[in-house]
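Structure file model-v9.txt with compact mmCIF, C-alpha atoms:
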```
# COMPACT_ATOMS: atom_id res chain seq x y z
CA MET A 810 6.08 -24.59 36.14
CA ARG A 811 5.18 -23.39 32.65
CA ILE A 812 5.39 -19.76 31.55
CA GLU A 813 1.88 -18.33 31.15
CA PRO A 814 1.18 -16.94 27.67
CA GLU A 815 -0.24 -13.72 29.12
CA SER A 816 2.90 -13.02 31.14
CA PHE A 817 5.74 -10.64 30.39
CA ALA A 818 8.18 -13.55 30.65
CA PHE A 819 6.41 -15.30 27.76
CA MET A 820 6.77 -12.22 25.57
CA VAL A 821 10.46 -12.04 26.45
CA LEU A 822 10.85 -15.70 25.48
CA LEU A 823 9.15 -15.16 22.11
CA GLY A 824 11.26 -12.08 21.49
CA LEU A 825 14.49 -13.93 22.25
CA LEU A 826 13.47 -16.82 20.01
CA ALA A 827 12.58 -14.52 17.11
CA ALA A 828 15.88 -12.64 17.53
CA VAL A 829 18.05 -15.76 17.14
CA PRO A 830 18.30 -15.62 13.31
CA TYR A 831 18.96 -11.87 13.18
CA SER A 832 21.54 -11.86 15.95
CA GLY A 833 23.13 -14.86 14.23
CA ILE A 834 23.86 -12.59 11.27
CA ASP A 835 24.81 -9.32 12.95
CA ILE A 836 26.92 -10.60 15.83
CA ASN A 837 29.44 -12.15 13.41
CA LEU A 838 29.94 -9.12 11.16
CA PRO A 839 32.76 -7.49 13.20
CA ALA A 840 34.76 -10.74 13.08
CA LEU A 841 34.94 -11.36 9.32
CA ALA A 842 38.46 -9.99 8.93
CA ALA A 843 39.78 -11.76 12.04
CA THR A 844 38.25 -15.06 10.95
CA GLY A 845 39.77 -14.66 7.49
CA SER A 846 43.17 -13.99 9.05
CA THR A 847 42.95 -17.27 10.98
CA PHE A 848 42.19 -19.26 7.85
CA GLY A 849 44.43 -17.27 5.50
CA VAL A 850 41.55 -15.99 3.36
CA SER A 851 39.97 -12.59 2.73
CA ALA A 852 37.14 -11.08 4.75
CA SER A 853 34.94 -11.24 1.64
CA ASP A 854 35.51 -15.00 1.47
CA VAL A 855 34.42 -15.33 5.09
CA GLY A 856 31.38 -13.25 4.15
CA LEU A 857 30.16 -16.34 2.31
CA THR A 858 29.39 -17.82 5.73
CA THR A 859 26.68 -15.18 6.12
CA SER A 860 25.28 -16.14 2.73
CA ALA A 861 25.27 -19.81 3.75
CA PHE A 862 23.46 -18.94 6.99
CA MET A 863 20.84 -16.86 5.18
CA LEU A 864 20.30 -19.50 2.48
CA SER A 865 19.34 -22.13 5.03
CA LEU A 866 17.39 -19.52 6.99
CA ALA A 867 15.24 -18.84 3.93
CA THR A 868 14.59 -22.46 2.95
CA ALA A 869 14.39 -24.50 6.17
CA PRO A 870 11.16 -22.84 7.42
CA LEU A 871 9.36 -24.31 4.42
CA ILE A 872 9.78 -27.70 6.14
CA TYR A 873 9.47 -26.49 9.72
CA GLY A 874 6.18 -24.65 9.13
CA PRO A 875 4.01 -27.59 8.02
CA ALA A 876 5.89 -29.90 10.42
CA SER A 877 5.00 -27.66 13.37
CA ASP A 878 1.33 -27.66 12.26
CA ARG A 879 1.25 -31.44 12.48
CA LEU A 880 3.79 -32.28 15.18
CA GLY A 881 3.53 -29.19 17.37
CA ARG A 882 5.62 -26.05 17.88
CA LYS A 883 7.55 -27.38 20.88
CA PRO A 884 9.29 -30.37 19.24
CA ILE A 885 10.24 -28.24 16.22
CA LEU A 886 11.68 -25.52 18.44
CA ALA A 887 13.56 -28.08 20.53
CA PHE A 888 15.03 -29.79 17.47
CA GLY A 889 16.04 -26.51 15.84
CA LEU A 890 17.63 -25.08 18.98
CA ALA A 891 19.55 -28.31 19.63
CA LEU A 892 20.85 -28.22 16.05
CA PHE A 893 21.73 -24.53 16.44
CA VAL A 894 23.74 -25.26 19.61
CA ALA A 895 25.64 -28.16 18.02
CA ALA A 896 26.39 -26.18 14.85
CA SER A 897 27.51 -23.14 16.86
CA PHE A 898 30.04 -25.28 18.71
CA GLY A 899 31.10 -26.68 15.33
CA CYS A 900 31.68 -23.12 14.06
CA ALA A 901 33.79 -22.30 17.12
CA LEU A 902 35.94 -25.38 16.55
CA ALA A 903 36.17 -25.06 12.74
CA SER A 904 39.69 -25.56 11.39
CA SER A 905 39.09 -24.24 7.87
CA LEU A 906 36.74 -22.04 5.88
CA PRO A 907 34.93 -24.98 4.18
CA VAL A 908 34.18 -26.50 7.60
CA LEU A 909 32.94 -23.14 8.86
CA LEU A 910 30.71 -22.77 5.79
CA VAL A 911 29.09 -26.15 6.42
CA CYS A 912 28.59 -25.42 10.11
CA ARG A 913 27.10 -22.02 9.36
CA PHE A 914 24.67 -23.58 6.91
CA ILE A 915 23.59 -26.10 9.55
CA GLN A 916 23.44 -23.33 12.14
CA GLY A 917 20.99 -21.50 9.89
CA ILE A 918 18.84 -24.62 9.59
CA GLY A 919 18.64 -24.73 13.37
CA ALA A 920 17.94 -21.02 13.76
CA ALA A 921 15.15 -21.23 11.17
CA ALA A 922 13.01 -23.22 13.61
CA THR A 923 12.38 -20.02 15.54
CA ALA A 924 10.30 -18.79 12.58
CA THR A 925 7.43 -20.60 14.32
CA THR A 926 7.31 -17.70 16.81
CA PHE A 927 4.57 -15.90 14.87
CA ALA A 928 2.64 -19.16 14.53
CA ILE A 929 2.75 -19.50 18.32
CA ILE A 930 1.26 -16.01 18.63
CA ARG A 931 -1.50 -16.97 16.17
CA ASP A 932 -2.18 -20.13 18.18
CA LEU A 933 -2.75 -18.20 21.39
CA PHE A 934 -4.02 -14.77 20.39
CA ASP A 935 -6.23 -13.13 17.80
CA GLY A 936 -7.08 -9.67 16.56
CA THR A 937 -5.68 -6.72 18.49
CA ALA A 938 -4.04 -9.01 21.06
CA ALA A 939 -2.07 -10.83 18.36
CA ARG A 940 -1.10 -7.55 16.71
CA GLY A 941 0.24 -6.24 20.02
CA ARG A 942 2.31 -9.38 20.63
CA ILE A 943 3.76 -9.25 17.13
CA ALA A 944 4.73 -5.63 17.73
CA ASN A 945 6.46 -6.62 20.98
CA VAL A 946 8.41 -9.35 19.20
CA MET A 947 9.51 -6.85 16.55
CA VAL A 948 10.81 -4.54 19.26
CA ALA A 949 12.85 -7.41 20.71
CA VAL A 950 14.25 -8.34 17.29
CA ASN A 951 15.41 -4.78 16.67
CA VAL A 952 16.96 -4.53 20.12
CA ALA A 953 19.00 -7.60 19.19
CA THR A 954 19.90 -5.99 15.85
CA VAL A 955 21.26 -2.94 17.65
CA ILE A 956 23.13 -4.86 20.36
CA ALA A 957 24.53 -7.77 18.33
CA PRO A 958 27.31 -5.98 16.36
CA THR A 959 28.60 -4.26 19.50
CA ALA A 960 28.49 -7.51 21.43
CA GLY A 961 30.33 -9.27 18.62
CA ALA A 962 33.05 -6.63 18.60
CA ALA A 963 33.45 -6.89 22.38
CA LEU A 964 33.69 -10.69 22.28
CA LEU A 965 36.18 -10.50 19.42
CA ALA A 966 38.43 -8.14 21.39
CA ALA A 967 38.16 -10.16 24.59
CA ALA A 968 38.51 -13.75 23.41
CA GLY A 969 38.70 -14.02 19.60
CA TRP A 970 36.13 -14.81 16.95
CA GLN A 971 35.57 -18.32 18.28
CA SER A 972 34.00 -16.86 21.43
CA ILE A 973 31.22 -15.32 19.31
CA TYR A 974 30.05 -18.75 18.21
CA ALA A 975 30.51 -20.16 21.71
CA THR A 976 28.27 -17.39 23.03
CA GLN A 977 25.63 -18.22 20.44
CA ALA A 978 25.80 -21.85 21.56
CA ALA A 979 25.32 -20.80 25.20
CA ILE A 980 22.32 -18.61 24.33
CA GLY A 981 20.79 -21.39 22.24
CA LEU A 982 21.30 -23.89 25.07
CA ALA A 983 19.60 -21.58 27.58
CA LEU A 984 16.62 -21.13 25.24
CA LEU A 985 16.46 -24.89 24.65
CA VAL A 986 16.22 -25.55 28.40
CA VAL A 987 13.42 -23.00 28.77
CA VAL A 988 11.50 -24.41 25.81
CA MET A 989 11.86 -27.98 27.08
CA PHE A 990 10.80 -27.31 30.66
CA ARG A 991 8.80 -24.08 30.75
CA PHE A 992 7.02 -23.85 27.39
CA ALA A 993 3.67 -25.60 26.90
CA GLU A 994 2.59 -26.67 23.44
CA SER A 995 0.49 -23.94 21.80
CA ALA A 996 -0.77 -25.71 18.68
CA THR A 997 -3.92 -27.79 18.56
CA ILE A 998 -2.96 -30.97 16.73
CA ALA A 999 -5.71 -32.89 14.95
CA PRO A 1000 -5.51 -36.65 15.65
CA SER A 1001 -5.66 -37.33 11.91
CA ALA A 1002 -2.90 -34.87 11.03
CA ARG A 1003 0.04 -36.49 9.26
CA LEU A 1004 3.28 -35.05 7.96
CA VAL A 1005 3.17 -36.35 4.40
CA PRO A 1006 4.20 -34.57 1.17
CA ALA A 1007 0.61 -34.29 -0.05
CA ALA A 1008 -0.46 -32.52 3.15
CA VAL A 1009 2.50 -30.12 3.00
CA ILE A 1010 1.79 -29.28 -0.64
CA ASP A 1011 -1.89 -28.74 0.15
CA SER A 1012 -1.01 -26.36 3.00
CA TYR A 1013 1.08 -24.18 0.72
CA ARG A 1014 -1.53 -24.38 -2.03
CA ARG A 1015 -4.14 -23.03 0.39
CA VAL A 1016 -1.88 -20.17 1.45
CA LEU A 1017 -0.64 -19.18 -2.01
CA THR A 1018 -4.09 -19.22 -3.59
CA HIS A 1019 -5.97 -17.45 -0.80
CA PRO A 1020 -7.47 -14.17 -2.06
CA VAL A 1021 -6.44 -12.25 1.09
CA SER A 1022 -3.39 -13.93 2.59
CA LEU A 1023 -1.37 -13.98 -0.64
CA PRO A 1024 -1.76 -10.23 -1.32
CA TYR A 1025 -0.70 -9.47 2.24
CA ILE A 1026 2.31 -11.75 1.85
CA LEU A 1027 3.29 -9.77 -1.25
CA VAL A 1028 2.78 -6.48 0.60
CA GLY A 1029 5.10 -7.73 3.33
CA ALA A 1030 7.65 -8.92 0.79
CA ALA A 1031 7.72 -5.54 -0.96
CA GLY A 1032 8.06 -3.78 2.39
CA GLY A 1033 10.88 -6.11 3.36
CA ALA A 1034 12.61 -5.46 0.04
CA THR A 1035 12.59 -1.74 0.90
CA VAL A 1036 14.44 -2.39 4.15
CA PHE A 1037 16.90 -4.87 2.63
CA ALA A 1038 17.75 -2.30 -0.04
CA TYR A 1039 18.54 0.21 2.70
CA VAL A 1040 20.61 -2.27 4.71
CA THR A 1041 22.77 -3.09 1.68
CA GLY A 1042 22.98 0.34 0.11
CA ALA A 1043 23.33 2.59 3.13
CA SER A 1044 26.74 1.23 4.06
CA LEU A 1045 27.90 1.40 0.42
CA PHE A 1046 26.86 5.04 0.22
CA PHE A 1047 27.72 6.41 3.65
CA VAL A 1048 31.01 4.54 4.10
CA GLY A 1049 32.10 3.94 0.50
CA ALA A 1050 30.97 7.18 -1.16
CA VAL A 1051 30.51 9.79 1.58
CA GLY A 1052 33.48 8.56 3.62
CA LEU A 1053 31.86 8.21 7.05
CA SER A 1054 33.68 5.99 9.52
CA PRO A 1055 32.17 2.61 10.44
CA GLU A 1056 31.42 4.04 13.89
CA GLN A 1057 29.49 6.96 12.39
CA PHE A 1058 27.56 4.63 10.11
CA GLY A 1059 26.85 2.44 13.13
CA LEU A 1060 25.08 5.36 14.77
CA ILE A 1061 22.90 5.84 11.67
CA PHE A 1062 22.12 2.12 11.54
CA SER A 1063 21.21 2.11 15.24
CA ALA A 1064 18.96 5.15 14.79
CA CYS A 1065 17.06 3.38 11.99
CA SER A 1066 16.70 0.22 14.08
CA ALA A 1067 15.40 2.35 16.94
CA SER A 1068 12.86 3.85 14.51
CA VAL A 1069 11.57 0.38 13.61
CA MET A 1070 11.22 -0.35 17.33
CA ALA A 1071 9.41 2.94 17.87
CA GLY A 1072 6.99 2.19 15.04
CA ALA A 1073 6.22 -1.30 16.32
CA PHE A 1074 5.79 -0.04 19.89
CA LEU A 1075 3.54 2.82 18.76
CA ASP A 1076 1.40 0.44 16.71
CA GLY A 1077 0.92 -1.82 19.73
CA GLN A 1078 -0.06 1.11 21.95
CA LEU A 1079 -2.48 2.58 19.41
CA GLY A 1080 -4.01 -0.83 18.78
CA ARG A 1081 -4.91 -1.05 22.46
CA ARG A 1082 -6.62 2.32 22.12
CA GLY A 1083 -8.84 1.13 19.30
CA ILE A 1084 -6.93 2.41 16.25
CA SER A 1085 -7.63 -0.10 13.50
CA SER A 1086 -5.04 -2.32 11.89
CA ALA A 1087 -6.05 -1.01 8.45
CA CYS A 1088 -5.42 2.59 9.53
CA MET A 1089 -1.98 1.84 10.93
CA LEU A 1090 -0.99 -0.26 7.93
CA ALA A 1091 -2.02 2.48 5.52
CA THR A 1092 -0.16 5.08 7.59
CA GLY A 1093 3.02 3.02 7.77
CA LEU A 1094 3.13 2.16 4.08
CA THR A 1095 2.35 5.76 3.07
CA LEU A 1096 5.10 7.10 5.33
CA SER A 1097 7.70 4.67 3.97
CA SER A 1098 6.70 5.41 0.38
CA ALA A 1099 6.73 9.18 0.79
CA ALA A 1100 10.13 9.19 2.52
CA SER A 1101 11.60 6.84 -0.11
CA VAL A 1102 10.34 8.97 -3.00
CA VAL A 1103 11.80 12.12 -1.40
CA LEU A 1104 15.13 10.31 -1.00
CA LEU A 1105 15.07 9.36 -4.68
CA ALA A 1106 14.28 12.95 -5.68
CA MET A 1107 17.17 14.23 -3.54
CA THR A 1108 19.50 11.70 -5.16
CA LEU A 1109 18.49 12.80 -8.65
CA THR A 1110 19.15 16.44 -7.78
CA GLY A 1111 22.52 15.59 -6.21
CA TRP A 1112 21.61 17.11 -2.83
CA MET A 1113 22.29 14.44 -0.18
CA PRO A 1114 23.32 16.02 3.15
CA THR A 1115 23.82 13.38 5.81
CA VAL A 1116 21.41 14.67 8.45
CA PRO A 1117 18.28 15.01 6.23
CA VAL A 1118 19.07 11.69 4.52
CA THR A 1119 19.35 9.99 7.90
CA ALA A 1120 16.07 11.55 9.02
CA LEU A 1121 14.31 10.23 5.91
CA LEU A 1122 15.79 6.76 6.38
CA MET A 1123 14.47 6.84 9.93
CA ALA A 1124 11.04 7.77 8.53
CA VAL A 1125 11.17 4.76 6.20
CA ALA A 1126 12.09 2.55 9.16
CA LEU A 1127 9.32 4.06 11.32
CA GLY A 1128 6.77 3.29 8.62
CA PHE A 1129 8.09 -0.27 8.39
CA GLY A 1130 7.68 -0.69 12.14
CA LEU A 1131 4.11 0.62 11.99
CA SER A 1132 3.09 -1.66 9.14
CA VAL A 1133 4.76 -5.02 9.73
CA PRO A 1134 2.77 -6.19 12.79
CA ASN A 1135 -0.43 -5.52 10.86
CA VAL A 1136 0.80 -7.27 7.70
CA VAL A 1137 1.80 -10.36 9.68
CA SER A 1138 -1.49 -10.41 11.58
CA ALA A 1139 -3.57 -10.03 8.39
CA THR A 1140 -1.54 -12.71 6.60
CA MET A 1141 -2.08 -15.32 9.31
CA GLN A 1142 -5.63 -14.42 10.32
CA HIS A 1143 -7.42 -16.84 8.00
CA PHE A 1144 -5.40 -20.00 8.69
CA PRO A 1145 -5.35 -20.84 12.41
CA ASP A 1146 -4.96 -24.54 11.56
CA ILE A 1147 -1.81 -24.09 9.43
CA ALA A 1148 -0.27 -21.00 10.99
CA GLY A 1149 3.18 -22.58 10.72
CA ALA A 1150 2.91 -22.99 6.96
CA VAL A 1151 1.62 -19.43 6.55
CA SER A 1152 4.50 -18.03 8.61
CA ALA A 1153 7.03 -20.09 6.66
CA ALA A 1154 5.68 -19.07 3.25
CA ALA A 1155 5.56 -15.39 4.18
CA GLY A 1156 9.05 -15.43 5.70
CA SER A 1157 10.66 -17.23 2.78
CA ILE A 1158 9.04 -15.00 0.16
CA GLN A 1159 10.15 -11.91 2.10
CA LEU A 1160 13.74 -13.17 2.32
CA ILE A 1161 13.78 -13.96 -1.40
CA ALA A 1162 12.45 -10.47 -2.20
CA GLY A 1163 15.02 -8.98 0.16
CA ALA A 1164 17.86 -10.92 -1.44
CA MET A 1165 16.76 -9.72 -4.89
CA SER A 1166 16.58 -6.07 -3.82
CA SER A 1167 19.96 -6.31 -2.04
CA GLY A 1168 21.55 -7.89 -5.09
CA LEU A 1169 20.10 -5.23 -7.38
CA VAL A 1170 21.37 -2.41 -5.16
CA ALA A 1171 24.88 -3.89 -4.99
CA ALA A 1172 25.04 -4.70 -8.71
CA CYS A 1173 23.92 -1.21 -9.77
CA PHE A 1174 25.96 0.80 -7.24
CA ASP A 1175 28.04 3.36 -9.15
CA GLY A 1176 30.51 4.06 -6.35
CA ARG A 1177 29.51 7.72 -6.08
CA THR A 1178 25.79 8.14 -5.41
CA ALA A 1179 22.93 6.45 -3.59
CA LEU A 1180 20.88 6.14 -6.78
CA SER A 1181 20.69 2.34 -6.80
CA THR A 1182 19.64 2.34 -3.15
CA THR A 1183 17.01 5.06 -3.29
CA ALA A 1184 15.62 3.84 -6.62
CA VAL A 1185 15.09 0.29 -5.34
CA MET A 1186 13.74 1.59 -2.03
CA ALA A 1187 11.23 3.88 -3.76
CA ALA A 1188 10.14 1.19 -6.21
CA SER A 1189 9.70 -1.41 -3.46
CA ALA A 1190 7.88 0.95 -1.07
CA LEU A 1191 5.50 2.16 -3.81
CA LEU A 1192 4.85 -1.44 -4.85
CA ALA A 1193 3.90 -2.31 -1.27
CA LEU A 1194 1.57 0.70 -1.11
CA VAL A 1195 -0.11 -0.12 -4.44
CA LEU A 1196 -0.49 -3.80 -3.57
CA TYR A 1197 -2.17 -2.87 -0.31
CA PHE A 1198 -4.64 -0.28 -1.60
CA MET A 1199 -5.35 -1.91 -4.96
CA VAL A 1200 -5.25 -5.61 -4.12
CA ALA A 1201 -5.01 -6.62 -0.44
CA ARG A 1202 -7.44 -4.15 1.12
CA PRO A 1203 -10.22 -4.61 -1.47
CA ALA A 1204 -9.84 -8.41 -1.23
CA ASP A 1205 -10.05 -8.22 2.56
CA ARG A 1206 -13.24 -6.16 2.38
CA ARG A 1207 -14.81 -8.51 -0.15
CA LEU A 1208 -14.09 -11.50 2.06
CA GLN A 1209 -15.57 -9.72 5.08
CA LEU A 1210 -18.75 -8.92 3.16
CA GLN A 1211 -19.02 -12.50 1.92
CA THR A 1212 -18.64 -13.77 5.47
CA ILE A 1213 -21.36 -11.41 6.74
CA GLU A 1214 -23.73 -12.41 3.92
CA ARG A 1215 -23.09 -16.08 4.61
CA LEU A 1216 -23.84 -15.64 8.30
CA MET A 1217 -27.00 -13.70 7.54
CA ARG A 1218 -28.22 -16.42 5.19
CA ALA A 1219 -27.52 -18.96 7.89
CA GLY A 1220 -29.54 -16.87 10.35
CA SER A 1221 -26.71 -16.52 12.86
CA MET A 1222 -26.28 -12.73 12.54
CA PRO A 1223 -29.02 -10.12 12.91
CA LYS A 1224 -29.22 -7.51 10.15
CA SER A 1225 -28.57 -4.72 12.64
CA THR A 1226 -25.15 -6.24 13.38
CA ALA A 1227 -24.21 -6.48 9.71
CA SER A 1228 -25.18 -2.88 9.09
```
Take the structure I supplied and represent it as structure tokens, if you would.
Amino acid sequence: MRIEPESFAFMVLLGLLAAVPYSGIDINLPALAATGSTFGVSASDVGLTTSAFMLSLATAPLIYGPASDRLGRKPILAFGLALFVAASFGCALASSLPVLLVCRFIQGIGAAATATTFAIIRDLFDGTAARGRIANVMVAVNVATVIAPTAGAALLAAAGWQSIYATQAAIGLALLVVVMFRFAESATIAPSARLVPAAVIDSYRRVLTHPVSLPYILVGAAGGATVFAYVTGASLFFVGAVGLSPEQFGLIFSACSASVMAGAFLDGQLGRRGISSACMLATGLTLSSAASVVLLAMTLTGWMPTVPVTALLMAVALGFGLSVPNVVSATMQHFPDIAGAVSAAAGSIQLIAGAMSSGLVAACFDGRTALSTTAVMAASALLALVLYFMVARPADRRLQLQTIERLMRAGSMPKSTAS
């Protein structure tokens, strides 16, 4: 019996699928040193496995997206999960760092198939309903982000670093079984649709030249860059400069993840009560920008007490949670026929922007202050805000007016409705 899209179980499934890539990063972090000890290399060398995973995670969706538009979401999910399971077992059995690097790269290719989650939501829901589902998925992803490091540490203590990859394989296998036997195809496949290079290129051309979707993709990328800057720089500052213990920093990280969850949950609840997507997006971006600018000002004055800084980071995260469901919904709204390609393009651009902001924060870190972190966060958050108010929102309104005028000319909308 298939899982009904309106059911709670379906939302749980989508949340678990979307969490696979993020948990695949965080669950391994506590085991870097232990893995390096096994292979006789440093923890930083083992850290390259995370880079390999993220590289494939950023690039593979560019193939999966158009493929899922033409072949269906289900076969892409099944293929990716099967590859993820096989590569996870390969990681557990790896006998050297080069083998682990290759397996982690392949594992990322498999995990990237779950990027079709937002396309599935676009297939089945629209408007406020889609926005609410996206918010629910974001909550699930952040729950996984909070739980994964602790789970990884527990598995490491109980059975060694290999058990972390074995657990990922077991989770992937369970999801594969559910997808194969309980998930019904969500995409509507045109009989003439073919997976050829020209069609793939045309899909991305449509997305990257659209007057509304592209600006929203850029808004999402700038917002993502804000969060990636925090993720990279917060640990450098709190642990490296302030001297907090990893456990204390873990509490700060968990509090920020909880703030993202709270923002996404609040957006979903307010959406059901009629609060517009535009209002929530503006609120979220403004909150993140204001908190980031205050953090930068505090850094420049040299006053950085831990509690106020943590509160402001939580405000940035809350704003991110409020805005992201609306950015994703607005990005995908205009392309129901190629939702997979839209999701892939947006995700890859966001990861690239995130990698650039993370690299900039790390390269400019002075070992004493949070200046590189707060400067990049403020710049990214303000860029997202400006792109929304100056580019994306006006373009969205223009397109809405053009649509209304076109319908009125066609005689399918009374003037009273348009007014």
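Distance check against Leu1060 in chain A using all atoms listed in the file: of A:Met1113, A:Ser1157, A:Ala1091, A:Ile956, the minimum falls on A:Ile956.
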### Query
Between A:Leu1004, A:Ala887, A:Ala861, A:Val948, which one has atoms that come closest to Gly917 in chain A, using only C-alpha atoms?
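The shortest atom-to-atom distance to Gly917 in chain A comes from A:Ala861.
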Produce a table with one row for each residue of range 961-1027 of chain A that has an atom at most 10 Å from any atom of range 866-878 of chain A, each row naming the nearest atom pair and its distance in Å at one decimal; use all atoms listed in the file; arrange rows by chain and rising residue number; format as a Markdown table.
```
| residue | atom | partner | partner_atom | distance |
| --- | --- | --- | --- | --- |
| A:Ala996 | CA | A:Asp878 | CA | 7.0 |
| A:Thr997 | CA | A:Asp878 | CA | 8.2 |
| A:Ile998 | CA | A:Asp878 | CA | 7.0 |
| A:Ala999 | CA | A:Asp878 | CA | 9.2 |
| A:Ala1002 | CA | A:Asp878 | CA | 8.4 |
| A:Arg1003 | CA | A:Ala876 | CA | 8.9 |
| A:Leu1004 | CA | A:Ala876 | CA | 6.3 |
| A:Val1005 | CA | A:Ala876 | CA | 9.2 |
| A:Pro1006 | CA | A:Pro875 | CA | 9.8 |
| A:Ala1008 | CA | A:Pro875 | CA | 8.2 |
| A:Val1009 | CA | A:Pro875 | CA | 5.8 |
| A:Ile1010 | CA | A:Pro875 | CA | 9.1 |
| A:Asp1011 | CA | A:Pro875 | CA | 9.9 |
| A:Ser1012 | CA | A:Pro875 | CA | 7.2 |
| A:Tyr1013 | CA | A:Pro875 | CA | 8.6 |
```
### Message
For a test of reading the model, state the distance in Å between CA of Met1186 in chain A and CA of Ala957 in chain A, rounded to one decimal.
### Response
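So the answer is 24.9 Å.
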### Message
When you look at Leu1053 in chain A with a cut-off of 10 Å (counting all atoms listed in the file), what residues show up, excluding the ones that are within fewer than 6 positions of it in the same chain? I need them as a ChimeraX atom specification.
### Response
/A:1044,1046-1047,1059,1115
### Query
If you count all atoms listed in the file, which residues fall within 12 Å of Cys1173 in chain A, apart from same-chain ones fewer than 5 positions away, as a list of chain:residue names?
A:Ala1038, A:Thr1041, A:Gly1042, A:Leu1045, A:Ser1166, A:Ser1167, A:Gly1168, A:Thr1178, A:Ala1179, A:Leu1180, A:Ser1181, A:Thr1182, A:Thr1183, A:Ala1184, A:Val1185
Residues as selected, C-alpha atoms, written as a JSON list (two decimals), keeping the file's coordinate frame, can you do that?
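The result, stored in result.json:
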```json
[["chain", "number", "residue", "atom", "x", "y", "z"],
["A", 1038, "ALA", "CA", 17.75, -2.30, -0.04],
["A", 1041, "THR", "CA", 22.77, -3.09, 1.68],
["A", 1042, "GLY", "CA", 22.98, 0.34, 0.11],
["A", 1045, "LEU", "CA", 27.90, 1.40, 0.42],
["A", 1166, "SER", "CA", 16.58, -6.07, -3.82],
["A", 1167, "SER", "CA", 19.96, -6.31, -2.04],
["A", 1168, "GLY", "CA", 21.55, -7.89, -5.09],
["A", 1178, "THR", "CA", 25.79, 8.14, -5.41],
["A", 1179, "ALA", "CA", 22.93, 6.45, -3.59],
["A", 1180, "LEU", "CA", 20.88, 6.14, -6.78],
["A", 1181, "SER", "CA", 20.69, 2.34, -6.80],
["A", 1182, "THR", "CA", 19.64, 2.34, -3.15],
["A", 1183, "THR", "CA", 17.01, 5.06, -3.29],
["A", 1184, "ALA", "CA", 15.62, 3.84, -6.62],
["A", 1185, "VAL", "CA", 15.09, 0.29, -5.34]]
```
### Message
Between CA of Thr1140 in chain A and CA of Val829 in chain A, what is the distance in Å, rounded to a tenth?
### Response
22.5 Å
### Summary
Expressed in Å, the length from CA of Ser816 in chain A to CA of Ile980 in chain A is 21.3 Å
Need the axis-aligned box for range 1183-1201 of chain A with 8 Å each side, so what are the centre and edges in Å to one decimal, as lines of an AutoDock Vina configuration file?
```
center_x = 5.8
center_y = -0.8
center_z = -3.5
size_x = 38.4
size_y = 27.7
size_z = 22.3
```
#### Entry: Best match for closeness to Ile885 in chain A among A:Thr926, A:Ser865, A:Thr858, A:Ser846, counting only C-alpha atoms
A:Thr926
#### Entry: Long-range neighbours of range 1027-1035 of chain A as a PyMOL selection string, 7 Å cut-off, only C-alpha atoms, 4 positions minimum in chain
chain A and resi 1023+1039+1129+1133+1136+1158-1159+1162-1163+1166+1186+1189-1190+1192-1193+1196-1197
Starting from the point (38.7, -16.1, 9.7), work out which residues of protein, DNA or RNA have an atom no more than 12 Å away when counting all atoms listed in the file; state them as a short mmCIF file (atom, residue, chain, number, x, y, z; two decimals) with C-alpha atoms, keeping the file's coordinate frame.
```cif
data_model
loop_
_atom_site.label_atom_id
_atom_site.label_comp_id
_atom_site.auth_asym_id
_atom_site.auth_seq_id
_atom_site.Cartn_x
_atom_site.Cartn_y
_atom_site.Cartn_z
CA ASN A 837 29.44 -12.15 13.41
CA LEU A 838 29.94 -9.12 11.16
CA PRO A 839 32.76 -7.49 13.20
CA ALA A 840 34.76 -10.74 13.08
CA LEU A 841 34.94 -11.36 9.32
CA ALA A 842 38.46 -9.99 8.93
CA ALA A 843 39.78 -11.76 12.04
CA THR A 844 38.25 -15.06 10.95
CA GLY A 845 39.77 -14.66 7.49
CA SER A 846 43.17 -13.99 9.05
CA THR A 847 42.95 -17.27 10.98
CA PHE A 848 42.19 -19.26 7.85
CA GLY A 849 44.43 -17.27 5.50
CA VAL A 850 41.55 -15.99 3.36
CA SER A 851 39.97 -12.59 2.73
CA ALA A 852 37.14 -11.08 4.75
CA SER A 853 34.94 -11.24 1.64
CA ASP A 854 35.51 -15.00 1.47
CA VAL A 855 34.42 -15.33 5.09
CA GLY A 856 31.38 -13.25 4.15
CA LEU A 857 30.16 -16.34 2.31
CA THR A 858 29.39 -17.82 5.73
CA CYS A 900 31.68 -23.12 14.06
CA ALA A 901 33.79 -22.30 17.12
CA LEU A 902 35.94 -25.38 16.55
CA ALA A 903 36.17 -25.06 12.74
CA SER A 904 39.69 -25.56 11.39
CA SER A 905 39.09 -24.24 7.87
CA LEU A 906 36.74 -22.04 5.88
CA PRO A 907 34.93 -24.98 4.18
CA VAL A 908 34.18 -26.50 7.60
CA LEU A 909 32.94 -23.14 8.86
CA LEU A 910 30.71 -22.77 5.79
CA LEU A 965 36.18 -10.50 19.42
CA GLY A 969 38.70 -14.02 19.60
CA TRP A 970 36.13 -14.81 16.95
CA GLN A 971 35.57 -18.32 18.28
#
```
### Message
My list of candidates is A:Phe1174, A:Trp1112, A:Phe1074, A:Phe819. Which is closest to Leu1127 in chain A when distances are computed with all atoms listed in the file?
### Response
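Of A:Phe1174, A:Trp1112, A:Phe1074, A:Phe819, the one nearest Leu1127 in chain A, counting all atoms listed in the file, is A:Phe1074.
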